[in-house]
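As structure tokens, the structure follows; a few thoughts come after it.
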Amino acid sequence: MLPILVVLTTSFVSILPLCLLAQNSPQDYLRVHNVERTKVGVKPLVWDSELESHASNFLSKHIEDCMQVDYIDPSPFARNILISGSTENLTGEDVVGWWVVEKQNYDYESNSCIDGTFQCLTYTQVVSKASIYLGCARAECNNYGGTIVICYYDPPGNDDGQHPY
């Protein structure tokens, strides 16, 4: 009986770190995106490991100094990105929540951001009916302890003149 108890205890301890990674798994990113997509009648996104790999590769180039991110990306995919400038470690769920807050700046009738700003485009990408696949990555920045999260979408949304939903 003792060996089984030891195995169970070891298994429980080895699972604990996985619990600490909550809110950053593919399912977490998908859930937050798809809740918002459901609200506007858009089909759910599907996780794509190639997009996740593309996002991880992008982050590997910028983790040393996240504040110097090159916003020009020759990628054929659409992307949303957020960089926290604080030592607060944002989860993927937190970041998608920040993008969704931009909904208040989107006017569906005119299909534009309120006041002519671009302060709604991350929201419209989250809910874009054009996008089917999602892949995200998150990293802690080495230069100041902040967090950088990027999500890629395929096909891209936010086409000029097209309503996102």
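Just so we're on the same page: first chain in the structure tokens is A, next is B, and so on; residues restart at 1 for each chain, and ligands are numbered from 1 in the order they show up.
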Rows by chain and residue number, segment 34-106 of chain A within 12 Å of segment 162-165 of chain A, shortest pair, only C-alpha atoms, as CSV:
```
residue,atom,partner,partner_atom,distance
A:Glu36,CA,A:Tyr165,CA,11.2
A:Arg37,CA,A:Tyr165,CA,8.6
A:Thr38,CA,A:Tyr165,CA,10.4
A:Lys39,CA,A:Tyr165,CA,10.3
A:Val40,CA,A:Tyr165,CA,6.6
A:Gly41,CA,A:Tyr165,CA,7.3
A:Val42,CA,A:Tyr165,CA,6.4
A:Lys43,CA,A:Tyr165,CA,9.7
A:Lys103,CA,A:Pro164,CA,11.6
A:Tyr106,CA,A:Pro164,CA,10.5
```
Residue contacts of His62 of chain A (9 Å, only C-alpha atoms) excluding same-chain residues fewer than 6 positions away, as number ranges by chain: A: 68-70, 141, 148
File dump, residues just selected, N, CA, C and O atoms, as a PDB file, in the first residue's frame:
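This went into selection24.pdb:
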```pdb
ATOM      1  N   GLN A  68      11.042  47.765 -26.885  1.00  0.00           N
ATOM      2  CA  GLN A  68      11.582  48.069 -28.211  1.00  0.00           C
ATOM      3  C   GLN A  68      10.996  47.139 -29.273  1.00  0.00           C
ATOM      4  O   GLN A  68      11.640  46.838 -30.264  1.00  0.00           O
ATOM      5  N   VAL A  69       9.761  46.725 -29.073  1.00  0.00           N
ATOM      6  CA  VAL A  69       9.120  45.803 -30.011  1.00  0.00           C
ATOM      7  C   VAL A  69       9.004  46.450 -31.383  1.00  0.00           C
ATOM      8  O   VAL A  69       8.600  47.602 -31.509  1.00  0.00           O
ATOM      9  N   ASP A  70       9.367  45.694 -32.385  1.00  0.00           N
ATOM     10  CA  ASP A  70       9.221  46.122 -33.769  1.00  0.00           C
ATOM     11  C   ASP A  70       7.785  45.848 -34.193  1.00  0.00           C
ATOM     12  O   ASP A  70       7.378  44.706 -34.325  1.00  0.00           O
ATOM     13  N   CYS A 141       9.237  39.859 -19.646  1.00  0.00           N
ATOM     14  CA  CYS A 141      10.309  40.653 -20.248  1.00  0.00           C
ATOM     15  C   CYS A 141      11.532  40.657 -19.343  1.00  0.00           C
ATOM     16  O   CYS A 141      11.407  40.805 -18.127  1.00  0.00           O
ATOM     17  N   ILE A 148       4.750  40.500 -21.960  1.00  0.00           N
ATOM     18  CA  ILE A 148       4.364  40.737 -23.347  1.00  0.00           C
ATOM     19  C   ILE A 148       3.543  39.534 -23.809  1.00  0.00           C
ATOM     20  O   ILE A 148       3.900  38.385 -23.550  1.00  0.00           O
TER      21      ILE A 148
END
```
Residue contacts of Leu51 of chain A (7 Å, only C-alpha atoms) excluding same-chain residues fewer than 2 positions away, as a list in words: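 In the requested format, the answer is Asp48, Ser49, Ser53, His54, Ala55, Leu134, Gly135 and Tyr152 of chain A.
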Take the residues from that selection and write them out as a PDB file, in the first residue's frame, keeping all heavy atoms.
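Generated output (out-v2.pdb):
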```
ATOM      1  N   ASP A  48      -4.442  27.014 -33.118  1.00  0.00           N
ATOM      2  CA  ASP A  48      -3.545  26.575 -34.171  1.00  0.00           C
ATOM      3  C   ASP A  48      -2.111  26.601 -33.639  1.00  0.00           C
ATOM      4  O   ASP A  48      -1.593  27.665 -33.298  1.00  0.00           O
ATOM      5  CB  ASP A  48      -3.684  27.494 -35.390  1.00  0.00           C
ATOM      6  CG  ASP A  48      -2.855  27.028 -36.562  1.00  0.00           C
ATOM      7  OD1 ASP A  48      -1.633  27.286 -36.543  1.00  0.00           O
ATOM      8  OD2 ASP A  48      -3.414  26.418 -37.479  1.00  0.00           O
ATOM      9  N   SER A  49      -1.474  25.446 -33.578  1.00  0.00           N
ATOM     10  CA  SER A  49      -0.129  25.356 -33.004  1.00  0.00           C
ATOM     11  C   SER A  49       0.911  26.066 -33.871  1.00  0.00           C
ATOM     12  O   SER A  49       1.931  26.532 -33.348  1.00  0.00           O
ATOM     13  CB  SER A  49       0.265  23.898 -32.773  1.00  0.00           C
ATOM     14  OG  SER A  49       0.210  23.175 -33.966  1.00  0.00           O
ATOM     15  N   SER A  53       3.396  28.902 -32.487  1.00  0.00           N
ATOM     16  CA  SER A  53       4.830  28.859 -32.734  1.00  0.00           C
ATOM     17  C   SER A  53       5.316  30.182 -33.329  1.00  0.00           C
ATOM     18  O   SER A  53       6.375  30.699 -32.949  1.00  0.00           O
ATOM     19  CB  SER A  53       5.163  27.695 -33.670  1.00  0.00           C
ATOM     20  OG  SER A  53       6.528  27.682 -33.980  1.00  0.00           O
ATOM     21  N   HIS A  54       4.549  30.727 -34.239  1.00  0.00           N
ATOM     22  CA  HIS A  54       4.888  32.021 -34.843  1.00  0.00           C
ATOM     23  C   HIS A  54       4.932  33.103 -33.752  1.00  0.00           C
ATOM     24  O   HIS A  54       5.850  33.925 -33.721  1.00  0.00           O
ATOM     25  CB  HIS A  54       3.857  32.356 -35.924  1.00  0.00           C
ATOM     26  CG  HIS A  54       4.225  33.501 -36.785  1.00  0.00           C
ATOM     27  ND1 HIS A  54       5.195  33.430 -37.749  1.00  0.00           N
ATOM     28  CD2 HIS A  54       3.744  34.773 -36.824  1.00  0.00           C
ATOM     29  CE1 HIS A  54       5.305  34.598 -38.360  1.00  0.00           C
ATOM     30  NE2 HIS A  54       4.439  35.428 -37.811  1.00  0.00           N
ATOM     31  N   ALA A  55       3.942  33.075 -32.829  1.00  0.00           N
ATOM     32  CA  ALA A  55       3.901  34.041 -31.731  1.00  0.00           C
ATOM     33  C   ALA A  55       5.112  33.853 -30.808  1.00  0.00           C
ATOM     34  O   ALA A  55       5.746  34.830 -30.395  1.00  0.00           O
ATOM     35  CB  ALA A  55       2.590  33.896 -30.956  1.00  0.00           C
ATOM     36  N   LEU A 134      -6.465  30.776 -34.082  1.00  0.00           N
ATOM     37  CA  LEU A 134      -5.807  31.609 -33.089  1.00  0.00           C
ATOM     38  C   LEU A 134      -4.583  30.885 -32.540  1.00  0.00           C
ATOM     39  O   LEU A 134      -4.616  29.678 -32.325  1.00  0.00           O
ATOM     40  CB  LEU A 134      -6.774  31.876 -31.918  1.00  0.00           C
ATOM     41  CG  LEU A 134      -6.229  32.616 -30.704  1.00  0.00           C
ATOM     42  CD1 LEU A 134      -5.955  34.080 -31.046  1.00  0.00           C
ATOM     43  CD2 LEU A 134      -7.207  32.519 -29.537  1.00  0.00           C
ATOM     44  N   GLY A 135      -3.518  31.637 -32.321  1.00  0.00           N
ATOM     45  CA  GLY A 135      -2.334  31.126 -31.632  1.00  0.00           C
ATOM     46  C   GLY A 135      -1.696  32.259 -30.856  1.00  0.00           C
ATOM     47  O   GLY A 135      -1.477  33.336 -31.408  1.00  0.00           O
ATOM     48  N   TYR A 152      -1.869  35.750 -32.721  1.00  0.00           N
ATOM     49  CA  TYR A 152      -1.988  35.810 -34.174  1.00  0.00           C
ATOM     50  C   TYR A 152      -3.317  35.192 -34.586  1.00  0.00           C
ATOM     51  O   TYR A 152      -3.778  34.225 -33.978  1.00  0.00           O
ATOM     52  CB  TYR A 152      -0.838  35.054 -34.849  1.00  0.00           C
ATOM     53  CG  TYR A 152       0.442  35.846 -34.886  1.00  0.00           C
ATOM     54  CD1 TYR A 152       1.424  35.643 -33.933  1.00  0.00           C
ATOM     55  CD2 TYR A 152       0.660  36.791 -35.878  1.00  0.00           C
ATOM     56  CE1 TYR A 152       2.602  36.373 -33.963  1.00  0.00           C
ATOM     57  CE2 TYR A 152       1.838  37.520 -35.919  1.00  0.00           C
ATOM     58  CZ  TYR A 152       2.801  37.308 -34.960  1.00  0.00           C
ATOM     59  OH  TYR A 152       3.957  38.035 -34.992  1.00  0.00           O
TER      60      TYR A 152
END
```
Taking only residues of segment 98-143 of chain A that have an atom at most 9 Å from an atom of segment 31-35 of chain A, what is each one's shortest atom pair and its distance in Å to one decimal, using only C-alpha atoms, in chain and number order, as CSV?
```
residue,atom,partner,partner_atom,distance
A:Val100,CA,A:His33,CA,8.5
A:Val126,CA,A:His33,CA,6.1
A:Val127,CA,A:His33,CA,7.4
```
Chain A: residues DSSP assigns to helix (DSSP H, G or I), reported as a PyMOL selection string: chain A and resi 2-20+26-39+49-62+66-68+92-105+114-116+121-126
Pick from A:Val95, A:Val101, A:Ile132, A:Cys113, whichever lies nearest to Thr147 of chain A using only C-alpha atoms: A:Val95
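Atom pair atom CA of Tyr108 of chain A / atom CA of Val149 of chain A has a distance of 26.9 Å (rounded to one decimal).
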Residue nearest Pro76 of chain A among A:Pro156, A:Gly161, A:Gly97, A:Pro26 (counting only C-alpha atoms):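 Ranking A:Pro156, A:Gly161, A:Gly97, A:Pro26 by distance to Pro76 of chain A, first place goes to A:Pro156.
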Exercise: Arg79 of chain A partners within 7 Å, only C-alpha atoms, chain neighbours under 5 positions left out, as a PyMOL selection string: chain A and resi 150-153
